[in-house]
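Here's upload.tsv, which has TSV, C-alpha atoms:
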```
chain	number	residue	atom	x	y	z
T	1	MET	CA	105.86	-13.50	-54.49
T	2	ARG	CA	105.30	-16.85	-56.22
T	3	ASN	CA	107.71	-19.75	-56.81
T	4	ASP	CA	108.03	-23.02	-58.72
T	5	PHE	CA	106.36	-25.03	-55.93
T	6	GLY	CA	103.07	-23.13	-56.08
T	7	LEU	CA	103.51	-21.22	-52.82
T	8	THR	CA	102.37	-17.62	-52.90
T	9	PHE	CA	103.41	-14.96	-50.40
T	10	THR	CA	101.18	-11.90	-50.20
T	11	ALA	CA	102.51	-8.93	-48.24
T	12	LEU	CA	100.44	-7.89	-45.22
T	13	ASN	CA	102.42	-4.78	-44.34
T	14	PRO	CA	104.58	-2.35	-46.34
T	15	VAL	CA	107.61	-3.28	-44.22
T	16	PHE	CA	107.31	-7.03	-43.53
T	17	ALA	CA	104.90	-9.95	-42.87
T	18	ALA	CA	103.09	-12.01	-45.52
T	19	GLU	CA	100.32	-14.56	-45.89
T	20	CYS	CA	101.43	-17.89	-47.36
T	21	THR	CA	99.08	-19.93	-49.55
T	22	GLY	CA	99.59	-22.98	-51.75
T	23	VAL	CA	100.74	-25.39	-49.05
T	24	ASP	CA	98.83	-27.46	-46.48
T	25	ILE	CA	100.96	-27.24	-43.37
T	26	GLY	CA	98.93	-30.06	-41.84
T	27	GLU	CA	100.48	-32.49	-44.34
T	28	PRO	CA	104.12	-33.49	-44.92
T	29	PHE	CA	105.99	-31.52	-47.59
T	30	PRO	CA	109.41	-32.03	-49.20
T	31	PRO	CA	112.61	-30.26	-48.06
T	32	ALA	CA	112.48	-28.08	-51.17
T	33	VAL	CA	109.23	-26.54	-49.94
T	34	ALA	CA	110.76	-26.05	-46.49
T	35	ASN	CA	113.59	-24.15	-48.19
T	36	VAL	CA	111.04	-21.86	-49.88
T	37	ILE	CA	109.44	-21.17	-46.49
T	38	HIS	CA	112.84	-20.42	-44.96
T	39	ALA	CA	113.61	-17.98	-47.77
T	40	ALA	CA	110.26	-16.26	-47.21
T	41	MET	CA	110.95	-16.03	-43.49
T	42	ASP	CA	114.29	-14.38	-44.25
T	43	ARG	CA	112.44	-11.82	-46.37
T	44	TYR	CA	109.19	-11.26	-44.44
T	45	ALA	CA	110.09	-12.41	-40.87
T	46	VAL	CA	106.40	-13.16	-40.16
T	47	LEU	CA	104.29	-15.66	-42.14
T	48	VAL	CA	100.56	-16.28	-41.73
T	49	PHE	CA	99.08	-19.67	-42.68
T	50	ARG	CA	95.26	-19.75	-42.72
T	51	ARG	CA	93.37	-23.01	-42.19
T	52	ASP	CA	89.73	-23.95	-41.61
T	53	LYS	CA	90.62	-25.65	-38.34
T	54	ALA	CA	93.53	-25.72	-35.94
T	55	LEU	CA	96.38	-28.15	-36.37
T	56	THR	CA	96.47	-31.17	-34.10
T	57	THR	CA	99.41	-31.45	-31.72
T	58	GLU	CA	101.06	-34.00	-34.02
T	59	GLN	CA	100.52	-31.84	-37.10
T	60	GLN	CA	101.94	-28.73	-35.45
T	61	LEU	CA	105.01	-30.52	-34.14
T	62	ASN	CA	105.61	-32.21	-37.50
T	63	PHE	CA	105.30	-28.90	-39.33
T	64	THR	CA	107.70	-27.18	-36.96
T	65	ARG	CA	110.22	-30.04	-37.02
T	66	SER	CA	110.26	-29.87	-40.82
T	67	LEU	CA	111.90	-26.46	-40.44
T	68	GLY	CA	114.44	-27.12	-37.70
T	69	GLU	CA	115.15	-28.35	-34.18
T	70	LEU	CA	112.63	-27.86	-31.41
T	71	GLU	CA	113.65	-26.10	-28.21
T	72	GLY	CA	114.40	-28.31	-25.25
T	73	LYS	CA	112.47	-28.38	-21.99
T	74	TYR	CA	112.75	-25.40	-19.66
T	75	THR	CA	111.17	-24.07	-16.46
T	76	LYS	CA	107.60	-22.86	-16.96
T	77	ILE	CA	105.07	-21.27	-14.64
T	78	GLU	CA	102.11	-23.65	-14.59
T	79	ALA	CA	98.53	-23.13	-13.46
T	80	GLU	CA	97.92	-23.92	-9.82
T	81	ALA	CA	95.67	-26.80	-10.96
T	82	GLY	CA	98.48	-28.29	-13.05
T	83	THR	CA	99.45	-28.70	-16.70
T	84	ARG	CA	96.71	-28.57	-19.34
T	85	LEU	CA	98.43	-29.80	-22.52
T	86	ASP	CA	99.65	-33.36	-22.89
T	87	THR	CA	103.13	-32.51	-24.20
T	88	PRO	CA	105.87	-30.18	-22.93
T	89	LEU	CA	106.84	-29.53	-26.57
T	90	LEU	CA	103.97	-27.07	-26.92
T	91	SER	CA	103.72	-23.89	-24.87
T	92	ASP	CA	100.23	-23.27	-23.53
T	93	ILE	CA	99.48	-19.66	-24.53
T	94	SER	CA	96.03	-19.58	-22.99
T	95	ASN	CA	94.02	-18.41	-20.00
T	96	LEU	CA	92.91	-21.96	-19.26
T	97	ALA	CA	93.50	-24.52	-16.54
T	98	PRO	CA	93.16	-28.31	-16.88
T	99	GLY	CA	89.62	-29.11	-17.97
T	100	ASN	CA	89.62	-25.90	-20.04
T	101	THR	CA	88.27	-23.80	-17.19
T	102	ILE	CA	89.25	-20.13	-17.14
T	103	LEU	CA	92.10	-19.32	-14.77
T	104	PRO	CA	91.10	-17.35	-11.67
T	105	ALA	CA	92.33	-13.78	-11.35
T	106	GLU	CA	95.13	-14.54	-8.88
T	107	ASP	CA	96.49	-17.72	-10.51
T	108	ARG	CA	100.27	-17.39	-10.96
T	109	LYS	CA	100.13	-18.60	-14.55
T	110	ARG	CA	97.57	-15.92	-15.44
T	111	LEU	CA	99.58	-13.17	-13.74
T	112	PHE	CA	102.80	-14.38	-15.36
T	113	SER	CA	101.11	-14.50	-18.78
T	114	LEU	CA	100.06	-10.86	-18.51
T	115	GLY	CA	103.71	-10.10	-19.21
T	116	ASN	CA	103.15	-11.30	-22.78
T	117	ARG	CA	101.61	-7.86	-23.39
T	118	LEU	CA	105.12	-6.40	-23.14
T	119	TRP	CA	107.20	-6.24	-26.30
T	120	HIS	CA	109.54	-9.23	-26.24
T	121	SER	CA	111.48	-11.82	-28.19
T	122	ASP	CA	110.80	-15.46	-27.29
T	123	SER	CA	113.49	-17.16	-25.21
T	124	SER	CA	115.82	-14.16	-25.28
T	125	TYR	CA	116.34	-15.05	-21.61
T	126	LYS	CA	118.14	-18.25	-22.70
T	127	LYS	CA	121.78	-18.44	-23.71
T	128	ILE	CA	120.56	-20.06	-26.94
T	129	PRO	CA	117.42	-18.11	-27.84
T	130	ALA	CA	114.54	-19.01	-30.13
T	131	ARG	CA	114.62	-19.04	-33.91
T	132	TYR	CA	111.03	-19.47	-35.14
T	133	SER	CA	107.90	-19.44	-33.01
T	134	ALA	CA	104.75	-21.00	-34.51
T	135	LEU	CA	101.49	-20.09	-32.76
T	136	CYS	CA	98.23	-21.84	-33.65
T	137	ALA	CA	94.77	-20.55	-32.73
T	138	HIS	CA	92.24	-23.07	-31.30
T	139	VAL	CA	89.75	-20.88	-29.40
T	140	LEU	CA	89.40	-17.09	-29.58
T	141	PRO	CA	87.50	-14.43	-27.61
T	142	PRO	CA	84.84	-12.38	-29.43
T	143	ALA	CA	87.01	-9.24	-29.25
T	144	GLY	CA	90.62	-8.35	-28.53
T	145	GLY	CA	93.54	-10.72	-28.15
T	146	ASP	CA	95.36	-9.63	-31.31
T	147	THR	CA	99.13	-10.04	-31.60
T	148	GLU	CA	101.47	-7.29	-32.78
T	149	PHE	CA	104.87	-7.77	-34.42
T	150	ALA	CA	107.66	-5.22	-34.90
T	151	ASP	CA	110.46	-5.49	-37.45
T	152	MET	CA	113.82	-5.12	-35.69
T	153	ARG	CA	115.73	-5.01	-38.99
T	154	VAL	CA	114.00	-1.84	-40.13
T	155	ALA	CA	114.35	-0.49	-36.60
T	156	TRP	CA	118.13	-0.80	-36.98
T	157	ASP	CA	118.15	0.51	-40.56
T	158	THR	CA	116.34	3.72	-39.57
T	159	LEU	CA	118.59	4.66	-36.64
T	160	ASP	CA	120.90	7.61	-37.17
T	161	ALA	CA	124.60	6.92	-37.66
T	162	SER	CA	125.67	8.21	-34.25
T	163	THR	CA	123.20	5.94	-32.41
T	164	LYS	CA	124.33	2.95	-34.46
T	165	ALA	CA	127.93	3.66	-33.52
T	166	GLN	CA	126.97	4.07	-29.85
T	167	ILE	CA	125.11	0.77	-29.50
T	168	ARG	CA	126.70	-1.52	-32.08
T	169	ASP	CA	129.01	-3.34	-29.64
T	170	LEU	CA	126.85	-3.22	-26.50
T	171	VAL	CA	125.80	-6.34	-24.62
T	172	ALA	CA	122.55	-6.60	-22.66
T	173	GLU	CA	121.48	-8.99	-19.92
T	174	HIS	CA	118.10	-10.72	-20.37
T	175	SER	CA	115.95	-12.48	-17.77
T	176	ARG	CA	112.28	-13.16	-17.13
T	177	ILE	CA	112.95	-11.65	-13.72
T	178	PHE	CA	113.47	-8.28	-15.43
T	179	SER	CA	110.34	-8.45	-17.62
T	180	LYS	CA	107.80	-9.96	-15.25
T	181	GLY	CA	109.38	-8.26	-12.26
T	182	THR	CA	108.54	-4.83	-13.64
T	183	LEU	CA	104.87	-5.86	-13.32
T	184	GLY	CA	105.30	-6.83	-9.66
T	185	PHE	CA	105.47	-10.60	-10.23
T	186	THR	CA	107.42	-12.36	-7.49
T	187	PHE	CA	109.62	-15.45	-7.92
T	188	THR	CA	110.57	-18.41	-5.77
T	189	GLU	CA	114.23	-19.03	-4.91
T	190	SER	CA	114.44	-21.87	-7.43
T	191	GLU	CA	112.89	-19.69	-10.15
T	192	VAL	CA	115.43	-16.95	-9.43
T	193	ARG	CA	118.18	-19.52	-10.02
T	194	ASP	CA	116.51	-20.90	-13.16
T	195	PHE	CA	115.94	-17.43	-14.58
T	196	ALA	CA	119.47	-16.11	-13.99
T	197	PRO	CA	120.34	-13.38	-16.54
T	198	VAL	CA	122.09	-14.27	-19.79
T	199	ARG	CA	124.06	-11.97	-22.06
T	200	GLN	CA	122.87	-11.09	-25.57
T	201	PRO	CA	124.21	-8.64	-28.17
T	202	LEU	CA	122.17	-5.47	-28.50
T	203	VAL	CA	122.74	-5.61	-32.26
T	204	ARG	CA	123.05	-8.87	-34.16
T	205	THR	CA	123.47	-10.15	-37.68
T	206	HIS	CA	120.92	-12.57	-39.11
T	207	PRO	CA	122.75	-15.84	-39.90
T	208	HIS	CA	120.94	-16.27	-43.23
T	209	SER	CA	119.91	-12.88	-44.61
T	210	GLY	CA	122.97	-11.08	-43.24
T	211	ARG	CA	120.86	-8.12	-42.13
T	212	HIS	CA	121.55	-6.31	-38.86
T	213	SER	CA	118.74	-5.95	-36.32
T	214	LEU	CA	118.18	-4.65	-32.83
T	215	PHE	CA	117.95	-7.44	-30.26
T	216	LEU	CA	115.42	-5.89	-27.90
T	217	SER	CA	112.99	-7.47	-25.45
T	218	ALA	CA	111.21	-6.68	-22.21
T	219	HIS	CA	113.50	-9.39	-20.83
T	220	ALA	CA	116.49	-7.02	-21.31
T	221	GLY	CA	117.12	-5.25	-18.02
T	222	ARG	CA	120.79	-4.29	-17.95
T	223	ILE	CA	123.58	-3.27	-20.31
T	224	VAL	CA	127.04	-4.51	-19.42
T	225	GLY	CA	129.32	-1.69	-18.25
T	226	MET	CA	126.58	0.96	-18.20
T	227	PRO	CA	124.93	2.54	-15.14
T	228	GLN	CA	121.52	0.97	-14.58
T	229	VAL	CA	119.47	4.15	-14.98
T	230	GLU	CA	121.25	5.01	-18.22
T	231	ALA	CA	120.87	1.45	-19.51
T	232	LEU	CA	117.13	1.31	-18.85
T	233	MET	CA	116.65	4.71	-20.45
T	234	LEU	CA	118.51	3.61	-23.56
T	235	LEU	CA	116.56	0.36	-23.80
T	236	ARG	CA	113.29	2.25	-23.43
T	237	GLU	CA	114.21	4.79	-26.09
T	238	LEU	CA	115.28	2.07	-28.53
T	239	THR	CA	112.06	0.14	-27.91
T	240	GLU	CA	109.98	3.26	-28.55
T	241	HIS	CA	111.83	3.76	-31.81
T	242	ALA	CA	111.52	0.11	-32.84
T	243	THR	CA	107.78	-0.10	-32.22
T	244	GLN	CA	106.62	2.89	-34.23
T	245	ARG	CA	103.32	2.18	-36.00
T	246	GLU	CA	104.94	1.99	-39.43
T	247	PHE	CA	107.21	-0.83	-38.23
T	248	VAL	CA	104.35	-2.90	-36.74
T	249	TYR	CA	102.01	-5.55	-38.18
T	250	ARG	CA	98.91	-6.35	-36.10
T	251	HIS	CA	97.44	-9.82	-36.61
T	252	LYS	CA	93.72	-10.32	-36.03
T	253	TRP	CA	93.33	-14.02	-35.33
T	254	ARG	CA	90.92	-16.50	-36.86
T	255	VAL	CA	90.48	-20.03	-35.52
T	256	GLY	CA	92.86	-22.28	-37.46
T	257	ASP	CA	95.46	-19.57	-38.10
T	258	LEU	CA	99.10	-20.46	-37.59
T	259	VAL	CA	101.43	-17.47	-37.42
T	260	MET	CA	105.17	-18.10	-37.51
T	261	TRP	CA	107.74	-15.41	-36.81
T	262	ASP	CA	111.50	-15.16	-36.71
T	263	ASN	CA	112.64	-14.09	-33.25
T	264	GLN	CA	116.01	-13.21	-34.80
T	265	ALA	CA	114.35	-10.31	-36.63
T	266	THR	CA	111.22	-9.31	-34.68
T	267	MET	CA	109.64	-8.52	-31.36
T	268	HIS	CA	105.99	-9.18	-30.58
T	269	ARG	CA	103.36	-8.64	-27.92
T	270	ALA	CA	99.83	-9.84	-27.10
T	271	ARG	CA	96.99	-7.35	-26.89
T	272	PRO	CA	94.38	-7.34	-24.09
T	273	TYR	CA	91.03	-9.13	-24.04
T	274	ASP	CA	88.56	-10.04	-21.29
T	275	ASP	CA	90.53	-13.04	-20.04
T	276	LEU	CA	88.35	-13.57	-16.95
T	277	LYS	CA	85.26	-14.04	-19.09
T	278	TYR	CA	86.26	-15.54	-22.45
T	279	PRO	CA	88.64	-18.42	-23.26
T	280	ARG	CA	91.59	-17.88	-25.56
T	281	ASP	CA	93.54	-21.01	-26.51
T	282	LEU	CA	96.68	-20.70	-28.61
T	283	ARG	CA	99.53	-23.22	-28.68
T	284	ARG	CA	103.12	-22.47	-29.58
T	285	SER	CA	105.89	-24.66	-30.90
T	286	THR	CA	109.35	-23.15	-30.95
T	287	LEU	CA	112.58	-23.79	-32.83
T	288	THR	CA	115.96	-23.12	-31.27
T	289	CYS	CA	118.63	-20.99	-32.93
T	290	GLY	CA	121.08	-23.79	-32.22
T	291	ALA	CA	123.85	-21.42	-31.17
T	292	PRO	CA	124.22	-18.48	-28.77
T	293	ALA	CA	123.20	-15.14	-30.26
T	294	MET	CA	126.58	-13.78	-29.15
T	295	HIS	CA	128.00	-15.73	-32.10
T	296	TYR	CA	126.04	-13.36	-34.36
T	297	ALA	CA	126.85	-10.05	-32.73
T	298	ALA	CA	127.10	-7.32	-35.35
T	299	ALA	CA	130.57	-7.27	-36.86
```
Could you take the file, read its structure, and then write that structure out as structure tokens?
Amino acid sequence: MRNDFGLTFTALNPVFAAECTGVDIGEPFPPAVANVIHAAMDRYAVLVFRRDKALTTEQQLNFTRSLGELEGKYTKIEAEAGTRLDTPLLSDISNLAPGNTILPAEDRKRLFSLGNRLWHSDSSYKKIPARYSALCAHVLPPAGGDTEFADMRVAWDTLDASTKAQIRDLVAEHSRIFSKGTLGFTFTESEVRDFAPVRQPLVRTHPHSGRHSLFLSAHAGRIVGMPQVEALMLLRELTEHATQREFVYRHKWRVGDLVMWDNQATMHRARPYDDLKYPRDLRRSTLTCGAPAMHYAAA
């Protein structure tokens, strides 16, 4: 797909995801170009921007801000040695401590980050969840560490009519306690308060494209009004359906890549690598949806 501004979008998967060329995301661009990128996000849900080197912090934040409002501060699990990055506006998606040393095996941040290998949607545990996530690669291991994305719109489209009718009006509760807790991670009393469950629709309507999608995530651990065993079984079955190979794009990172995805239409997960031997440094900026997802529950 090409447009009047010289941007080209080349599909990376038969279902969704595309590589964008014709724009330098390290430089300012006019609102009209931002509108083209938004339209491509509505269509593809995942965009890949390739660069020879990683964006600086300022460049990444400027690029993300050109597309919307950044998420506010929230409680994070930091390395025992402290915070590595110099701004809370970027999420440190790495296995590194301050000084760029590799986190030890038992560091809480490392153990918490292992949960990123579960299928999830960023910030679904917040009342106002994430819109776009933009992840930039600075340092990569020699093997592994890919990221997979699943299209929740197609997942909804391919459900049978009876399942759609069953789940259309359901509401789930999301919390990091549910996702990380399934791996045995333990929380402090203050973290339990900070990570209190929030309610999200199980099916929602995209505010721009109008398409329905499943709102799934490892953070979802209950369904309102449903027995817990039944709820977890349903969530597991829906996740298995939504993450079939034909609905998934797997991104193999190169240093300098920035991958941006729409959390309103996708789930994603990290893939394993030898994180006790090799550094992996990716940095994420995140846009807020600006309104609770319950406002966009499927009509």
field: Within 12 Å of file point (99.1, -6.4, -36.1), counting all atoms listed in the file, expressed as a ChimeraX atom specification
entry: /T:12-13,16-18,46,48,144-151,243,245-253,259,267-271
task: Pick out the residues sitting within 8 Å of Tyr125 in chain T, and hand them over as a count of residues only; count all atoms listed in the file, and ignore anything fewer than 5 positions along from it in its own chain.
output: 7
Got a sec: who's within 12 Å of Phe178 in chain T, counting all atoms listed in the file, leaving out chain neighbours fewer than 5 positions off, as a compact mmCIF listing (two decimals) with C-alpha atoms, in the frame of the given file?
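This is the output file out06.txt:
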```txt
# COMPACT_ATOMS: atom_id res chain seq x y z
CA GLY T 115 103.71 -10.10 -19.21
CA LEU T 118 105.12 -6.40 -23.14
CA HIS T 120 109.54 -9.23 -26.24
CA SER T 124 115.82 -14.16 -25.28
CA TYR T 125 116.34 -15.05 -21.61
CA ALA T 172 122.55 -6.60 -22.66
CA GLU T 173 121.48 -8.99 -19.92
CA LEU T 183 104.87 -5.86 -13.32
CA GLY T 184 105.30 -6.83 -9.66
CA PHE T 185 105.47 -10.60 -10.23
CA THR T 186 107.42 -12.36 -7.49
CA PHE T 187 109.62 -15.45 -7.92
CA VAL T 192 115.43 -16.95 -9.43
CA PHE T 195 115.94 -17.43 -14.58
CA ALA T 196 119.47 -16.11 -13.99
CA PRO T 197 120.34 -13.38 -16.54
CA VAL T 198 122.09 -14.27 -19.79
CA SER T 217 112.99 -7.47 -25.45
CA ALA T 218 111.21 -6.68 -22.21
CA HIS T 219 113.50 -9.39 -20.83
CA ALA T 220 116.49 -7.02 -21.31
CA GLY T 221 117.12 -5.25 -18.02
CA ARG T 222 120.79 -4.29 -17.95
CA LEU T 232 117.13 1.31 -18.85
```
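Minimum distance to Gly210 in chain T across T:Ala97, T:Ala298, T:Cys20, T:Leu55 (counting all atoms listed in the file) occurs at T:Ala298.
Using all atoms listed in the file for every distance, the candidate list T:Thr21, T:Thr158, T:Thr57, T:Asn263 yields T:Thr57 as the residue closest to Arg284 in chain T.
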task: Could you tell me which of T:Ser285, T:Thr163, T:Ser179, T:Ser209 comes closest to Leu89 in chain T if we count only C-alpha atoms?
output: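 Using only C-alpha atoms, Leu89 in chain T sits closest to T:Ser285.
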- request: Quote the spacing between CA of Trp261 in chain T and CA of Met41 in chain T in Å to one decimal place.
  value: 7.4 Å
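Interatomic distance, CA of Pro142 in chain T against CA of Leu103 in chain T: 17.8 Å.
Using only C-alpha atoms, the smallest distance between any of T:Leu96, T:Leu235, T:Ala265, T:Leu287 and Pro207 in chain T comes from T:Ala265.
Going from CA of Lys76 in chain T over to CA of Phe215 in chain T, you cover 22.8 Å.
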message: So, with all atoms listed in the file as the atoms that count, which of T:Phe112, T:Glu58, T:Asp24, T:Leu90 lies closest to Glu78 in chain T?
response: T:Phe112
query: Counting only C-alpha atoms, which of T:Val154, T:Leu7, T:Leu67, T:Ile93 gets nearest to Thr288 in chain T?
result: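 Smallest distance to Thr288 in chain T is found for T:Leu67.
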message: Applying 12 Å and all atoms listed in the file, which residues near Ala165 in chain T remain after dropping the ones on its own chain fewer than 2 positions away? List them as a ChimeraX atom specification.
response: /T:156,159-163,167-170,202-203,298-299
Which neighbours of Val171 in chain T fall inside 7 Å, counting all atoms listed in the file, when residues of the same chain fewer than 3 positions from it are skipped, and could you give them as a JSON list (two decimals) with C-alpha atoms, keeping the file's coordinate frame?
```json
[["chain", "number", "residue", "atom", "x", "y", "z"],
["T", 199, "ARG", "CA", 124.06, -11.97, -22.06],
["T", 200, "GLN", "CA", 122.87, -11.09, -25.57],
["T", 201, "PRO", "CA", 124.21, -8.64, -28.17],
["T", 202, "LEU", "CA", 122.17, -5.47, -28.50],
["T", 223, "ILE", "CA", 123.58, -3.27, -20.31],
["T", 224, "VAL", "CA", 127.04, -4.51, -19.42]]
```
message: Neighbouring residues of Asn35 in chain T were defined as those with any atom within 12 Å, considering all atoms listed in the file; residues of the same chain fewer than 2 positions away were excluded. Please report them as a PyMOL selection string.
response: chain T and resi 3-5+7+29-33+37-42+66-68+208
